[in-house]
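Encoded as structure tokens, the structure appears first; notes follow it.
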Amino acid sequence: MQKKKSAHKRPTWDEYFLEVARLVAKRATCLRRKVGAVLVKDKRILATGYNGAPSGLAHCLDIGCLREKLKIPSGERQELCRGSHAEQNALIQASLHGISVKESTLYVTNQPCIICAKMLINAGIKEIVICGNYPDKMAKGFLKEAKIKIRIIK
């Protein structure tokens with residue numbers, strides 16, 4: 001018996017995980033940029049993260065953005081931010097639950113910054129799939145030097 005072709009187009013795995021990252025980004029509490037990250041291994045989600053203030057602390061959504069008040073350009077003076085980045089929060093979530101992320105793939109809505117790039121290199125991430133860029137050439141250079149594959153999917 002021949003299988004009937006479905007009119008429904010299933011998303012590819014990349015499309016699926018990037019869509020999950022976009023959904024996770026909707027939880028972000030940053031006023032400037034909503035970012036979502038999903039760590040995946042063997043087509044299974046290990047952990048997710050979005051950008052926002054540490055657990056239990058006031059969010060920028062509630063008290064405003066210091067970086068906006070000080071007119072700090074994107075990608076600069078990250079220490080003057082209440083929030084942790086989505087990639088950092090995904091790594092921390094995995095760590096809290098004892099999940100190894102070595103050899104996993106990160107799906108993230110923006111290219112990681114240099115701080116996140118260094119963490120991802122040390123965590124053993126093998127590939128990063130993004131659907132948006134970020135103005136950080138140093139991060140891109142570090143990831144290339146570490147031989148972490150970066151793919152951009154729109």
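Numbering starts fresh at 1 for the residues of each chain in the structure tokens, the chains themselves are lettered A, B, ... in the order given, and ligands are numbered from 1 as they appear.
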Quiz prompt | Long-range neighbours of Gly49 of chain A as number ranges by chain, 9 Å cut-off, only C-alpha atoms, 4 positions minimum in chain | solution = A: 21, 24-25, 27-28, 35-39, 85-93
Quiz prompt | Polymer residues at most 9 Å from Ala117 of chain A, only C-alpha atoms, same-chain spacing of 5 or more positions, as a list of chain:residue names | solution = A:Glu87, A:Gln111, A:Pro112, A:Asn122, A:Ala139, A:Lys140, A:Phe142, A:Leu143
Emit the selected residues as a compact mmCIF listing (two decimals), in the first residue's frame, including N, CA, C and O atoms.
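Listed below is the output, result-v5.txt:
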```txt
# COMPACT_ATOMS: atom_id res chain seq x y z
N GLU A 87 22.05 32.64 26.43
CA GLU A 87 23.00 31.53 26.35
C GLU A 87 23.52 31.18 27.74
O GLU A 87 23.65 30.00 28.08
N GLN A 111 23.37 36.00 17.26
CA GLN A 111 24.75 35.54 17.44
C GLN A 111 25.20 35.88 18.85
O GLN A 111 24.92 36.96 19.35
N PRO A 112 25.89 34.97 19.54
CA PRO A 112 26.36 35.25 20.89
C PRO A 112 27.38 36.39 20.94
O PRO A 112 28.12 36.62 19.98
N ASN A 122 34.09 26.95 26.28
CA ASN A 122 34.51 26.15 27.44
C ASN A 122 33.51 25.07 27.82
O ASN A 122 33.88 24.07 28.43
N ALA A 139 33.58 37.98 19.00
CA ALA A 139 32.92 36.71 19.32
C ALA A 139 32.95 35.78 18.12
O ALA A 139 33.27 34.60 18.24
N LYS A 140 32.64 36.32 16.95
CA LYS A 140 32.65 35.51 15.73
C LYS A 140 34.05 34.93 15.49
O LYS A 140 34.20 33.77 15.14
N PHE A 142 36.46 34.38 17.80
CA PHE A 142 36.74 33.36 18.81
C PHE A 142 36.08 32.03 18.45
O PHE A 142 36.69 30.97 18.56
N LEU A 143 34.82 32.09 18.06
CA LEU A 143 34.09 30.86 17.73
C LEU A 143 34.72 30.16 16.53
O LEU A 143 34.84 28.94 16.51
```
Quiz item: What's the 9 Å shell around Pro135 of chain A, counting only C-alpha atoms, without same-chain residues fewer than 5 positions away, as a list in words?
Solution: Ser74, Gly75, Gln111 and Cys113 of chain A
Can I get the selected residues back with N, CA, C and O atoms, as an mmCIF file, in the first residue's frame?
```cif
data_model
loop_
_atom_site.group_PDB
_atom_site.id
_atom_site.type_symbol
_atom_site.label_atom_id
_atom_site.label_comp_id
_atom_site.auth_asym_id
_atom_site.auth_seq_id
_atom_site.Cartn_x
_atom_site.Cartn_y
_atom_site.Cartn_z
ATOM 1 N N SER A 74 24.644 49.102 22.037
ATOM 2 C CA SER A 74 24.546 47.646 22.072
ATOM 3 C C SER A 74 25.932 47.024 21.933
ATOM 4 O O SER A 74 26.750 47.488 21.143
ATOM 5 N N GLY A 75 26.190 45.993 22.734
ATOM 6 C CA GLY A 75 27.462 45.286 22.644
ATOM 7 C C GLY A 75 28.574 45.872 23.486
ATOM 8 O O GLY A 75 29.674 45.340 23.519
ATOM 9 N N GLN A 111 23.374 35.998 17.263
ATOM 10 C CA GLN A 111 24.754 35.537 17.439
ATOM 11 C C GLN A 111 25.202 35.875 18.853
ATOM 12 O O GLN A 111 24.921 36.959 19.347
ATOM 13 N N CYS A 113 27.428 37.075 22.079
ATOM 14 C CA CYS A 113 28.435 38.106 22.327
ATOM 15 C C CYS A 113 29.753 37.420 22.718
ATOM 16 O O CYS A 113 29.794 36.202 22.883
#
```
Quiz item: Could you pull the residues within 9 Å of Ile153 of chain A, counting only C-alpha atoms, minus those fewer than 4 positions along the same chain, as an MDAnalysis selection string?
Solution: chainID A and resid 14:15 18 129:132
Quiz prompt | Nearest to Leu61 of chain A, chosen from A:Thr109, A:Ser84, A:Asn133, A:Thr29, with only C-alpha atoms counted in the distances | solution = A:Thr29
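Near Ile121 of chain A, within 8 Å and counting only C-alpha atoms, sit Ala117, Lys118, Gly124, Ile125, Leu143, Ala146 and Ile148 of chain A; same-chain residues fewer than 3 positions away were not included.
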Practice problem: Would you please give, as a PyMOL selection string, all residues of segment 23-67 of chain A that DSSP assigns to helix (DSSP H, G or I) based on the backbone? | Solution: chain A and resi 23-25+60-63+66-67
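Distances to His97 of chain A were evaluated for A:Lys5, A:Leu46, A:Asn51, A:Cys81 using only C-alpha atoms, and the minimum falls at A:Leu46.
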Exercise. Please report, as a ChimeraX atom specification, each residue of chain A to which DSSP assigns strand (DSSP E) when run on this structure's backbone.
Key: /A:36-41,44-50,105-108,127-130,149-152
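Between Gly98 of chain A and the residues A:Arg151, A:Lys126, A:Ala47, A:Gly56, the shortest atom-to-atom distance, using only C-alpha atoms, involves A:Ala47.
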Practice problem: Quick one: pull the distance between atom CA of Ile150 of chain A and atom CA of Ile128 of chain A, Å, one decimal. | Solution: 4.8 Å
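Atom to atom, atom CA of Lys147 of chain A and atom CA of Val40 of chain A stand 18.2 Å apart.
The environment of Glu68 of chain A within 10 Å, counting only C-alpha atoms and disregarding residues fewer than 3 places along the same chain, consists of Leu31, Arg32, Gly64, Cys65, Lys71, Ile72, Pro73, Ser74 and Cys81 of chain A.
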Quiz item: How many Å lie between atom CA of His59 of chain A and atom CA of Lys154 of chain A, rounded to one decimal?
Solution: 29.5 Å
